[in-house]
>>> print(open('protein_35.cif').read())   # mmCIF, C-alpha atoms and all ligand atoms
data_upload
loop_
_atom_site.group_PDB
_atom_site.id
_atom_site.type_symbol
_atom_site.label_atom_id
_atom_site.label_comp_id
_atom_site.auth_asym_id
_atom_site.auth_seq_id
_atom_site.Cartn_x
_atom_site.Cartn_y
_atom_site.Cartn_z
ATOM 1 C CA MET A 1024 0.000 0.000 0.000
ATOM 2 C CA ASN A 1025 1.009 3.598 -0.621
ATOM 3 C CA TYR A 1026 1.028 5.442 2.754
ATOM 4 C CA LEU A 1027 1.218 9.252 2.599
ATOM 5 C CA ARG A 1028 1.214 11.566 5.616
ATOM 6 C CA ALA A 1029 -0.104 15.104 5.102
ATOM 7 C CA THR A 1030 1.207 17.811 7.412
ATOM 8 C CA ASN A 1031 -1.224 20.630 6.552
ATOM 9 C CA LEU A 1032 -4.548 21.156 4.774
ATOM 10 C CA ASP A 1033 -3.067 22.455 1.503
ATOM 11 C CA GLU A 1034 -0.812 19.432 1.308
ATOM 12 C CA ALA A 1035 -3.711 17.070 2.094
ATOM 13 C CA THR A 1036 -5.991 18.540 -0.604
ATOM 14 C CA ALA A 1037 -3.122 18.459 -3.125
ATOM 15 C CA ILE A 1038 -2.428 14.790 -2.370
ATOM 16 C CA LEU A 1039 -6.150 14.004 -2.565
ATOM 17 C CA ALA A 1040 -6.350 15.715 -5.970
ATOM 18 C CA ARG A 1041 -3.502 13.502 -7.193
ATOM 19 C CA HIS A 1042 -5.022 10.352 -5.610
ATOM 20 C CA PRO A 1043 -8.814 10.871 -5.770
ATOM 21 C CA GLU A 1044 -9.572 7.283 -4.757
ATOM 22 C CA ALA A 1045 -7.327 7.395 -1.664
ATOM 23 C CA LEU A 1046 -8.604 6.393 1.766
ATOM 24 C CA LEU A 1047 -8.218 9.096 4.414
ATOM 25 C CA LEU A 1048 -7.095 7.945 7.845
ATOM 26 C CA CYS A 1049 -7.863 9.655 11.178
ATOM 27 C CA GLY A 1050 -8.570 7.427 14.175
ATOM 28 C CA SER A 1051 -8.894 4.427 11.810
ATOM 29 C CA THR A 1052 -11.589 2.831 13.997
ATOM 30 C CA ASP A 1053 -13.769 2.408 10.886
ATOM 31 C CA ALA A 1054 -11.015 2.538 8.252
ATOM 32 C CA ALA A 1055 -9.301 -0.480 9.820
ATOM 33 C CA LEU A 1056 -12.267 -2.563 8.582
ATOM 34 C CA GLN A 1057 -12.237 -0.898 5.148
ATOM 35 C CA LEU A 1058 -8.520 -1.743 4.841
ATOM 36 C CA ARG A 1059 -9.299 -5.453 5.057
ATOM 37 C CA HIS A 1060 -10.979 -5.167 1.656
ATOM 38 C CA ALA A 1061 -8.622 -2.567 0.164
ATOM 39 C CA ALA A 1062 -6.427 -3.430 -2.816
ATOM 40 C CA ALA A 1063 -2.713 -3.886 -2.182
ATOM 41 C CA THR A 1064 -2.140 -0.861 -4.439
ATOM 42 C CA ALA A 1065 -4.496 1.425 -2.448
ATOM 43 C CA THR A 1066 -3.263 4.852 -1.349
ATOM 44 C CA LEU A 1067 -3.761 5.910 2.269
ATOM 45 C CA ILE A 1068 -3.576 9.570 3.304
ATOM 46 C CA ASP A 1069 -2.997 10.024 7.021
ATOM 47 C CA ILE A 1070 -4.538 13.391 7.991
ATOM 48 C CA HIS A 1071 -4.387 13.145 11.745
ATOM 49 C CA ALA A 1072 -1.602 15.776 12.046
ATOM 50 C CA LEU A 1073 -3.628 18.553 10.356
ATOM 51 C CA GLU A 1074 -3.811 21.422 12.879
ATOM 52 C CA GLU A 1075 -6.480 23.180 10.757
ATOM 53 C CA LEU A 1076 -8.900 20.321 11.556
ATOM 54 C CA LYS A 1077 -8.406 20.422 15.354
ATOM 55 C CA GLY A 1078 -10.053 22.258 18.225
ATOM 56 C CA VAL A 1079 -13.414 23.569 19.414
ATOM 57 C CA SER A 1080 -14.295 27.275 19.356
ATOM 58 C CA VAL A 1081 -17.402 29.364 19.982
ATOM 59 C CA ASP A 1082 -18.268 32.502 18.062
ATOM 60 C CA ASP A 1083 -21.494 34.485 17.667
ATOM 61 C CA GLY A 1084 -23.913 31.735 18.756
ATOM 62 C CA TYR A 1085 -22.187 28.892 16.894
ATOM 63 C CA MET A 1086 -19.659 26.240 17.851
ATOM 64 C CA ARG A 1087 -17.031 25.136 15.341
ATOM 65 C CA ILE A 1088 -15.850 21.600 15.967
ATOM 66 C CA GLY A 1089 -12.815 20.502 13.961
ATOM 67 C CA ALA A 1090 -13.164 17.249 12.047
ATOM 68 C CA LEU A 1091 -10.222 15.751 13.961
ATOM 69 C CA VAL A 1092 -11.755 16.387 17.386
ATOM 70 C CA THR A 1093 -12.058 13.026 19.111
ATOM 71 C CA LEU A 1094 -15.051 11.825 21.078
ATOM 72 C CA ASN A 1095 -13.100 12.133 24.339
ATOM 73 C CA GLU A 1096 -12.085 15.698 23.443
ATOM 74 C CA LEU A 1097 -15.774 16.481 22.922
ATOM 75 C CA LEU A 1098 -16.555 15.001 26.327
ATOM 76 C CA ARG A 1099 -13.749 16.938 28.036
ATOM 77 C CA SER A 1100 -14.758 20.237 26.436
ATOM 78 C CA ASP A 1101 -16.429 22.632 28.903
ATOM 79 C CA ALA A 1102 -17.879 24.542 25.933
ATOM 80 C CA VAL A 1103 -19.537 21.393 24.542
ATOM 81 C CA ARG A 1104 -20.926 20.391 27.948
ATOM 82 C CA ALA A 1105 -22.276 23.892 28.596
ATOM 83 C CA SER A 1106 -23.579 24.825 25.149
ATOM 84 C CA LEU A 1107 -24.258 21.516 23.361
ATOM 85 C CA PRO A 1108 -25.333 19.192 26.197
ATOM 86 C CA LEU A 1109 -27.151 16.888 23.768
ATOM 87 C CA LEU A 1110 -23.881 16.257 21.928
ATOM 88 C CA ALA A 1111 -22.057 15.591 25.208
ATOM 89 C CA ALA A 1112 -24.786 13.108 26.239
ATOM 90 C CA CYS A 1113 -24.393 11.339 22.892
ATOM 91 C CA ALA A 1114 -20.587 11.213 23.220
ATOM 92 C CA GLU A 1115 -20.960 9.588 26.649
ATOM 93 C CA THR A 1116 -22.725 6.600 25.060
ATOM 94 C CA PHE A 1117 -20.104 6.227 22.306
ATOM 95 C CA GLY A 1118 -17.954 3.073 22.132
ATOM 96 C CA SER A 1119 -15.437 2.647 24.940
ATOM 97 C CA HIS A 1120 -12.839 4.976 26.447
ATOM 98 C CA GLN A 1121 -10.186 3.533 24.104
ATOM 99 C CA ILE A 1122 -12.376 3.978 21.014
ATOM 100 C CA ARG A 1123 -13.314 7.528 22.081
ATOM 101 C CA ASN A 1124 -9.599 8.371 22.309
ATOM 102 C CA LEU A 1125 -9.241 7.631 18.570
ATOM 103 C CA ALA A 1126 -12.667 8.107 16.957
ATOM 104 C CA THR A 1127 -13.132 11.534 15.348
ATOM 105 C CA VAL A 1128 -16.160 13.644 14.496
ATOM 106 C CA GLY A 1129 -15.160 13.819 10.809
ATOM 107 C CA GLY A 1130 -14.651 10.050 10.613
ATOM 108 C CA ASN A 1131 -18.093 9.388 12.088
ATOM 109 C CA ILE A 1132 -19.705 11.633 9.462
ATOM 110 C CA ALA A 1133 -17.651 10.453 6.464
ATOM 111 C CA ASN A 1134 -18.192 6.785 7.252
ATOM 112 C CA ALA A 1135 -21.941 7.448 6.705
ATOM 113 C CA SER A 1136 -23.131 4.494 8.733
ATOM 114 C CA PRO A 1137 -26.872 4.361 9.436
ATOM 115 C CA ALA A 1138 -25.868 3.629 13.057
ATOM 116 C CA ALA A 1139 -23.580 6.697 13.385
ATOM 117 C CA ASP A 1140 -25.202 8.171 16.463
ATOM 118 C CA LEU A 1141 -22.973 11.252 16.756
ATOM 119 C CA THR A 1142 -23.899 12.172 13.170
ATOM 120 C CA ALA A 1143 -27.609 11.658 13.968
ATOM 121 C CA ALA A 1144 -27.318 13.965 17.002
ATOM 122 C CA LEU A 1145 -25.597 16.600 14.827
ATOM 123 C CA VAL A 1146 -28.496 16.370 12.329
ATOM 124 C CA ALA A 1147 -31.024 17.241 15.088
ATOM 125 C CA LEU A 1148 -28.745 20.136 16.057
ATOM 126 C CA GLU A 1149 -28.875 21.368 12.433
ATOM 127 C CA ALA A 1150 -25.102 21.257 11.971
ATOM 128 C CA THR A 1151 -23.411 22.483 8.821
ATOM 129 C CA VAL A 1152 -20.372 20.679 7.500
ATOM 130 C CA THR A 1153 -17.392 22.410 5.867
ATOM 131 C CA LEU A 1154 -15.581 20.587 3.064
ATOM 132 C CA ALA A 1155 -12.228 21.390 1.478
ATOM 133 C CA SER A 1156 -10.634 20.397 -1.810
ATOM 134 C CA GLN A 1157 -7.905 21.872 -3.959
ATOM 135 C CA GLY A 1158 -10.640 23.984 -5.581
ATOM 136 C CA GLY A 1159 -11.532 25.683 -2.265
ATOM 137 C CA GLU A 1160 -14.079 25.326 0.527
ATOM 138 C CA ARG A 1161 -17.853 24.876 0.646
ATOM 139 C CA SER A 1162 -20.382 24.387 3.442
ATOM 140 C CA VAL A 1163 -23.533 22.250 3.277
ATOM 141 C CA PRO A 1164 -26.171 21.255 5.819
ATOM 142 C CA LEU A 1165 -24.962 17.967 7.304
ATOM 143 C CA GLU A 1166 -28.261 16.282 6.489
ATOM 144 C CA ALA A 1167 -27.719 17.022 2.779
ATOM 145 C CA LEU A 1168 -24.333 15.260 2.714
ATOM 146 C CA PHE A 1169 -25.786 11.746 2.557
ATOM 147 C CA CYS A 1170 -27.078 9.808 -0.433
ATOM 148 C CA GLY A 1171 -28.030 6.365 0.865
ATOM 149 C CA TYR A 1172 -26.367 3.500 2.703
ATOM 150 C CA LYS A 1173 -22.702 4.374 3.379
ATOM 151 C CA CYS A 1174 -22.898 7.015 0.649
ATOM 152 C CA THR A 1175 -21.839 10.679 0.873
ATOM 153 C CA LYS A 1176 -21.691 13.473 -1.655
ATOM 154 C CA LEU A 1177 -18.039 14.143 -0.754
ATOM 155 C CA ASP A 1178 -16.421 15.001 -4.083
ATOM 156 C CA HIS A 1179 -12.742 14.200 -3.433
ATOM 157 C CA GLU A 1180 -13.058 16.509 -0.421
ATOM 158 C CA LEU A 1181 -12.027 16.441 3.209
ATOM 159 C CA ILE A 1182 -14.411 17.344 5.994
ATOM 160 C CA THR A 1183 -12.661 20.141 7.881
ATOM 161 C CA ALA A 1184 -15.262 21.040 10.545
ATOM 162 C CA VAL A 1185 -18.872 21.048 11.637
ATOM 163 C CA THR A 1186 -20.573 24.257 12.747
ATOM 164 C CA VAL A 1187 -23.424 23.890 15.203
ATOM 165 C CA PRO A 1188 -25.862 26.513 16.536
ATOM 166 C CA LEU A 1189 -25.614 26.628 20.339
ATOM 167 C CA GLN A 1190 -28.504 24.823 22.021
ATOM 168 C CA THR A 1191 -31.414 26.610 23.656
ATOM 169 C CA GLY A 1192 -34.551 25.011 25.104
ATOM 170 C CA ASP A 1193 -35.264 21.408 26.094
ATOM 171 C CA TRP A 1194 -33.471 18.386 24.705
ATOM 172 C CA TYR A 1195 -33.418 14.597 24.885
ATOM 173 C CA TYR A 1196 -30.914 11.928 23.875
ATOM 174 C CA ARG A 1197 -31.228 8.174 24.260
ATOM 175 C CA LYS A 1198 -29.522 5.186 22.656
ATOM 176 C CA ALA A 1199 -30.720 1.589 22.858
ATOM 177 C CA GLY A 1200 -28.464 -1.376 22.201
ATOM 178 C CA MET A 1201 -27.481 -4.797 23.419
ATOM 179 C CA ARG A 1202 -25.187 -3.598 26.207
ATOM 180 C CA GLU A 1203 -24.434 -0.637 28.436
ATOM 181 C CA ARG A 1204 -21.121 0.045 26.646
ATOM 182 C CA LEU A 1205 -19.527 -0.692 23.262
ATOM 183 C CA ASN A 1206 -22.951 -0.501 21.787
ATOM 184 C CA ILE A 1207 -23.858 -0.128 18.152
ATOM 185 C CA ALA A 1208 -27.206 1.666 18.189
ATOM 186 C CA LYS A 1209 -30.255 -0.473 17.587
ATOM 187 C CA VAL A 1210 -32.036 2.866 17.778
ATOM 188 C CA SER A 1211 -31.023 6.308 18.984
ATOM 189 C CA ILE A 1212 -33.142 9.441 19.184
ATOM 190 C CA ALA A 1213 -31.973 13.047 19.517
ATOM 191 C CA LEU A 1214 -34.540 15.805 20.080
ATOM 192 C CA THR A 1215 -34.420 19.519 20.755
ATOM 193 C CA HIS A 1216 -37.386 21.768 21.502
ATOM 194 C CA GLY A 1217 -37.046 25.544 21.503
ATOM 195 C CA SER A 1218 -38.925 28.638 20.409
ATOM 196 C CA ASP A 1219 -38.496 27.578 16.768
ATOM 197 C CA GLY A 1220 -40.114 24.187 17.393
ATOM 198 C CA PHE A 1221 -39.012 20.553 17.456
ATOM 199 C CA ARG A 1222 -35.913 19.108 15.769
ATOM 200 C CA ILE A 1223 -35.784 15.309 15.863
ATOM 201 C CA SER A 1224 -33.381 12.794 14.356
ATOM 202 C CA GLY A 1225 -32.360 9.206 14.897
ATOM 203 C CA ALA A 1226 -29.788 6.546 14.072
ATOM 204 C CA SER A 1227 -30.445 3.015 12.782
ATOM 205 C CA LEU A 1228 -33.847 4.131 11.511
ATOM 206 C CA GLY A 1229 -32.995 4.478 7.818
ATOM 207 C CA SER A 1230 -30.072 4.104 5.449
ATOM 208 C CA ASN A 1231 -28.565 7.336 6.835
ATOM 209 C CA PRO A 1232 -29.166 9.335 10.015
ATOM 210 C CA VAL A 1233 -32.831 10.355 9.687
ATOM 211 C CA ARG A 1234 -34.482 13.745 10.322
ATOM 212 C CA PHE A 1235 -38.132 13.276 11.382
ATOM 213 C CA ARG A 1236 -39.742 16.213 9.582
ATOM 214 C CA THR A 1237 -43.326 14.837 9.492
ATOM 215 C CA LEU A 1238 -43.150 14.197 13.222
ATOM 216 C CA GLU A 1239 -41.685 17.655 13.885
ATOM 217 C CA THR A 1240 -44.576 19.312 11.981
ATOM 218 C CA LEU A 1241 -47.115 17.215 13.882
ATOM 219 C CA LEU A 1242 -45.666 18.104 17.298
ATOM 220 C CA ASP A 1243 -45.186 21.772 16.336
ATOM 221 C CA GLY A 1244 -48.941 21.761 15.611
ATOM 222 C CA GLY A 1245 -49.624 20.532 19.160
ATOM 223 C CA VAL A 1246 -50.754 17.018 18.117
ATOM 224 C CA TYR A 1247 -49.381 14.535 20.696
ATOM 225 C CA ASP A 1248 -51.782 11.677 19.897
ATOM 226 C CA ASP A 1249 -50.147 8.196 19.982
ATOM 227 C CA ALA A 1250 -51.612 6.972 16.684
ATOM 228 C CA ALA A 1251 -50.585 10.159 14.887
ATOM 229 C CA ILE A 1252 -47.035 9.964 16.323
ATOM 230 C CA LYS A 1253 -46.719 6.318 15.203
ATOM 231 C CA ALA A 1254 -47.948 7.174 11.701
ATOM 232 C CA ALA A 1255 -45.538 10.130 11.448
ATOM 233 C CA LEU A 1256 -42.620 7.956 12.602
ATOM 234 C CA GLU A 1257 -43.453 5.308 10.022
ATOM 235 C CA SER A 1258 -43.617 7.914 7.308
ATOM 236 C CA ASP A 1259 -40.224 9.452 8.224
ATOM 237 C CA ALA A 1260 -38.260 6.313 9.127
ATOM 238 C CA ASP A 1261 -37.428 3.312 7.004
ATOM 239 C CA PRO A 1262 -35.339 1.050 9.210
ATOM 240 C CA SER A 1263 -33.944 -2.139 7.793
ATOM 241 C CA GLY A 1264 -34.916 -5.369 9.469
ATOM 242 C CA GLY A 1265 -31.194 -6.161 9.790
ATOM 243 C CA TYR A 1266 -29.710 -8.923 11.918
ATOM 244 C CA ARG A 1267 -29.515 -6.654 14.972
ATOM 245 C CA SER A 1268 -33.307 -6.106 15.211
ATOM 246 C CA THR A 1269 -36.522 -6.149 13.260
ATOM 247 C CA LYS A 1270 -38.084 -3.099 11.647
ATOM 248 C CA GLY A 1271 -41.075 -3.410 14.028
ATOM 249 C CA TYR A 1272 -38.771 -3.440 17.077
ATOM 250 C CA ARG A 1273 -36.897 -0.331 15.943
ATOM 251 C CA LEU A 1274 -40.118 1.598 15.290
ATOM 252 C CA ARG A 1275 -41.579 0.538 18.669
ATOM 253 C CA VAL A 1276 -38.448 1.622 20.556
ATOM 254 C CA ALA A 1277 -38.334 4.913 18.645
ATOM 255 C CA PHE A 1278 -41.984 5.552 19.552
ATOM 256 C CA ASN A 1279 -41.300 4.845 23.247
ATOM 257 C CA MET A 1280 -38.307 7.197 23.168
ATOM 258 C CA ILE A 1281 -40.362 9.985 21.573
ATOM 259 C CA LYS A 1282 -43.027 9.553 24.276
ATOM 260 C CA GLU A 1283 -40.328 9.666 26.960
ATOM 261 C CA ALA A 1284 -38.772 12.756 25.363
ATOM 262 C CA LEU A 1285 -42.114 14.557 25.386
ATOM 263 C CA SER A 1286 -42.845 13.723 29.024
ATOM 264 C CA ARG A 1287 -39.317 13.981 30.470
ATOM 265 C CA PRO A 1288 -37.018 16.268 28.462
ATOM 266 C CA GLU A 1289 -33.757 17.585 29.903
ATOM 267 C CA GLY A 1290 -33.934 21.239 30.928
ATOM 268 C CA GLY A 1291 -32.829 23.964 28.563
HETATM 269 C C1 LIG B 1301 -15.395 -1.062 19.015
HETATM 270 C C2 LIG B 1301 -16.047 0.071 18.243
HETATM 271 C C3 LIG B 1301 -17.076 0.795 18.842
HETATM 272 C C4 LIG B 1301 -17.705 1.835 18.150
HETATM 273 N N1 LIG B 1301 -18.736 2.512 18.749
HETATM 274 C C5 LIG B 1301 -19.396 3.479 18.059
HETATM 275 C C6 LIG B 1301 -20.506 4.162 18.653
HETATM 276 O O1 LIG B 1301 -20.868 3.948 19.820
HETATM 277 N N2 LIG B 1301 -21.167 5.073 17.889
HETATM 278 C C7 LIG B 1301 -20.797 5.358 16.595
HETATM 279 O O2 LIG B 1301 -21.437 6.195 15.953
HETATM 280 N N3 LIG B 1301 -19.720 4.725 16.023
HETATM 281 C C8 LIG B 1301 -19.013 3.814 16.716
HETATM 282 N N4 LIG B 1301 -17.946 3.176 16.139
HETATM 283 C C9 LIG B 1301 -17.517 3.538 14.776
HETATM 284 C C10 LIG B 1301 -16.316 4.521 14.717
HETATM 285 O O3 LIG B 1301 -15.556 4.515 15.889
HETATM 286 C C11 LIG B 1301 -16.780 5.959 14.447
HETATM 287 O O4 LIG B 1301 -17.527 6.046 13.247
HETATM 288 C C12 LIG B 1301 -15.626 6.982 14.424
HETATM 289 O O5 LIG B 1301 -16.144 8.259 14.692
HETATM 290 C C13 LIG B 1301 -14.826 7.012 13.138
HETATM 291 O O6 LIG B 1301 -13.790 7.974 13.288
HETATM 292 P P1 LIG B 1301 -12.278 7.659 12.885
HETATM 293 O O7 LIG B 1301 -11.483 8.879 13.141
HETATM 294 O O8 LIG B 1301 -11.812 6.404 13.521
HETATM 295 O O9 LIG B 1301 -12.452 7.450 11.315
HETATM 296 P P2 LIG B 1301 -11.521 6.590 10.325
HETATM 297 O O10 LIG B 1301 -11.721 5.150 10.610
HETATM 298 O O11 LIG B 1301 -10.136 7.116 10.311
HETATM 299 O O12 LIG B 1301 -12.234 6.958 8.942
HETATM 300 C C14 LIG B 1301 -13.545 6.500 8.659
HETATM 301 C C15 LIG B 1301 -13.925 6.863 7.210
HETATM 302 O O13 LIG B 1301 -14.099 8.260 7.073
HETATM 303 C C16 LIG B 1301 -13.162 8.818 6.133
HETATM 304 N N5 LIG B 1301 -12.724 10.063 6.766
HETATM 305 C C17 LIG B 1301 -12.222 10.171 8.020
HETATM 306 N N6 LIG B 1301 -12.032 11.462 8.321
HETATM 307 C C18 LIG B 1301 -12.394 12.176 7.239
HETATM 308 C C19 LIG B 1301 -12.413 13.584 6.935
HETATM 309 N N7 LIG B 1301 -12.022 14.509 7.822
HETATM 310 N N8 LIG B 1301 -12.888 13.969 5.728
HETATM 311 C C20 LIG B 1301 -13.305 13.054 4.830
HETATM 312 N N9 LIG B 1301 -13.301 11.715 5.043
HETATM 313 C C21 LIG B 1301 -12.841 11.287 6.237
HETATM 314 C C22 LIG B 1301 -12.066 7.764 5.994
HETATM 315 O O14 LIG B 1301 -11.460 7.815 4.726
HETATM 316 C C23 LIG B 1301 -12.845 6.484 6.193
HETATM 317 O O15 LIG B 1301 -13.502 6.136 4.991
HETATM 318 C C24 LIG B 1301 -17.272 2.158 16.832
HETATM 319 C C25 LIG B 1301 -16.205 1.438 16.235
HETATM 320 C C26 LIG B 1301 -15.590 0.419 16.933
HETATM 321 C C27 LIG B 1301 -14.438 -0.327 16.283
#
>>> encode(input="protein_35.cif", output="C-alpha cells")
Amino acid sequence: MNYLRATNLDEATAILARHPEALLLCGSTDAALQLRHAAATATLIDIHALEELKGVSVDDGYMRIGALVTLNELLRSDAVRASLPLLAACAETFGSHQIRNLATVGGNIANASPAADLTAALVALEATVTLASQGGERSVPLEALFCGYKCTKLDHELITAVTVPLQTGDWYYRKAGMRERLNIAKVSIALTHGSDGFRISGASLGSNPVRFRTLETLLDGGVYDDAAIKAALESDADPSGGYRSTKGYRLRVAFNMIKEALSRPEGG
C-alpha cells in the first residue's frame, strides 16, 4: 500500500487531488475494517496531524468543531458540555474509552453508517459541515451530505469542521443497544425543543441518520396523539430489518423514546 502523511490542509488537498480514490485515515476505527478489503495498491492519506482540523471554538452563537476532534475531546470540552449538552450526552454513550480516544467527528460523518449516532445527534442540532478540496471550501447542511447506505456526496473533499448553533430550550438523547457500553445503536433518538419548534433525528432508523420532519410538523402543531405519532414515525423512518433487530422493534423503541422525550425532556 502507498502510505502518505499530510502535514497541513493544503498538502492534504493536493495529495487528494492527485489520488482521488485514496482512503483518508484519522482514528482508523472504521477505516481499519475498510482496509481489510482494500487493494494492495491502495493509497492511504494520514490526515491526523492537520492542525487546521483540530479544536473547538465558539463565536457568535455557533460552535465550530474541527473534524479531527475526538469523542473524548468532545466530552472533556467545557464549551460542549455547557452549550451543546445533547452532543455531550451522545458522546458519553459512544464506544469505549479507548475507542473515544481515537474516533473523530469527521470520521463518524464520512463513514456514513446508518448507526452513526454522533452524526444523527448533529443532524437534530442542524449542523453544517465544511468541506475542502484543492478547488476551495464549501459548506452544506450535514443532512444534505448523505445519499443512501454508506454514501456521501463528498467530491474528493475532506471534511474540515462542523458548525453547530448553540442549544437553547429542552433536549433529549437516548440510545438503545445490546449492552451498556460498546454498543452499536439499535435505535437512537436526539430531540431539541425551543422557540423555533421541534428538531428530531435518529440513528439506525434508515439508510442514513434520519431527520423526522413529518413528526416535527405534527408536534409543532400541538398534536401529541399516539396513533398520529406512530404514523408520522413510520412515514419518516425506514429502518432495515437487519440482523440486529426487526423493523417493528426499531419503530416501537423509537416511539417509546419519543413519548419519553415529550414527558421527560432535559432542561434547557
Ligand atoms: C469497538 C467500536 C465501537 C464503536 N462505537 C461506536 C458508537 O458507539 N457510535 C458510533 O457512531 N460509532 C461507533 N464506532 C464507529 C467509529 O468509531 C466511528 O464512526 C468513528 O467516529 C470514526 O472515526 P475515525 O477517526 O476512527 O475514522 P476513520 O476510521 O479514520 O475513517 C472513517 C472513514 O471516514 C473517512 N474520513 C475520516 N475522516 C475524514 C475527513 N475529515 N474527511 C473526509 N473523510 C474522512 C475515511 O477515509 C474512512 O472512509 C465504533 C467502532 C468500533 C471499532
>>> closest_residue(input="protein_35.cif", among="A:Cys1049, A:Val1233, A:Leu1076, A:Ala1213", to="A:Ala1284", atoms="all atoms listed in the file")
A:Ala1213
>>> resolve_selection(input="protein_35.cif", expression="the PyMOL selection byres (((not hetatm)) within 6 of (chain B and resi 1301))", output="VMD selection string")
chain A and resid 1046 to 1054 1090 1117 to 1118 1125 to 1131 1133 to 1134 1138 to 1141 1181 to 1183 1205 to 1207
>>> closest_residue(input="protein_35.cif", among="A:Gly1229, A:Gly1084, A:Gly1217, A:Pro1188", to="A:Ser1136", atoms="all atoms listed in the file")
A:Gly1229
>>> resolve_selection(input="protein_35.cif", expression="the PyMOL selection byres (((chain A and resi 1063-1070) around 8) and not hetatm)", output="PyMOL selection string")
chain A and resi 1024-1030+1035+1038-1039+1042+1044-1049+1061-1062+1071-1073
>>> resolve_selection(input="protein_35.cif", expression="the PyMOL selection byres (((chain A and resi 1228) around 6) and not hetatm)", output="VMD selection string")
chain A and resid 1226 to 1227 1229 1260 to 1262
>>> residues_around(input="protein_35.cif", residues="A:Tyr1195", least_positions_apart="5", cutoff="8 Å", atoms="all atoms listed in the file", output="list in words")
Leu1109, Ile1212, Ala1213, Leu1214, Thr1215, Ala1284, Pro1288 and Glu1289 of chain A
>>> closest_residue(input="protein_35.cif", among="A:His1120, A:His1060, A:Arg1041, A:Lys1173", to="A:Asn1231", atoms="only C-alpha atoms")
A:Lys1173
>>> closest_residue(input="protein_35.cif", among="A:Ala1167, A:Leu1058, A:Ala1147, A:Ser1263", to="A:Phe1235", atoms="only C-alpha atoms")
A:Ala1147
>>> residues_near_point(input="protein_35.cif", point="(-42.6, 5.5, 20.5)", cutoff="12 Å", atoms="all atoms listed in the file", output="MDAnalysis selection string")
chainID A and resid 1210:1212 1238 1247:1257 1271:1286
>>> residues_around(input="protein_35.cif", residues="A:Ala1111", least_positions_apart="5", cutoff="8 Å", atoms="all atoms listed in the file", output="list in words")
Leu1097, Leu1098, Val1103 and Arg1104 of chain A
>>> atom_distance(input="protein_35.cif", atom1="atom CA of A:Thr1175", atom2="atom CA of A:Ala1135")
6.7 Å
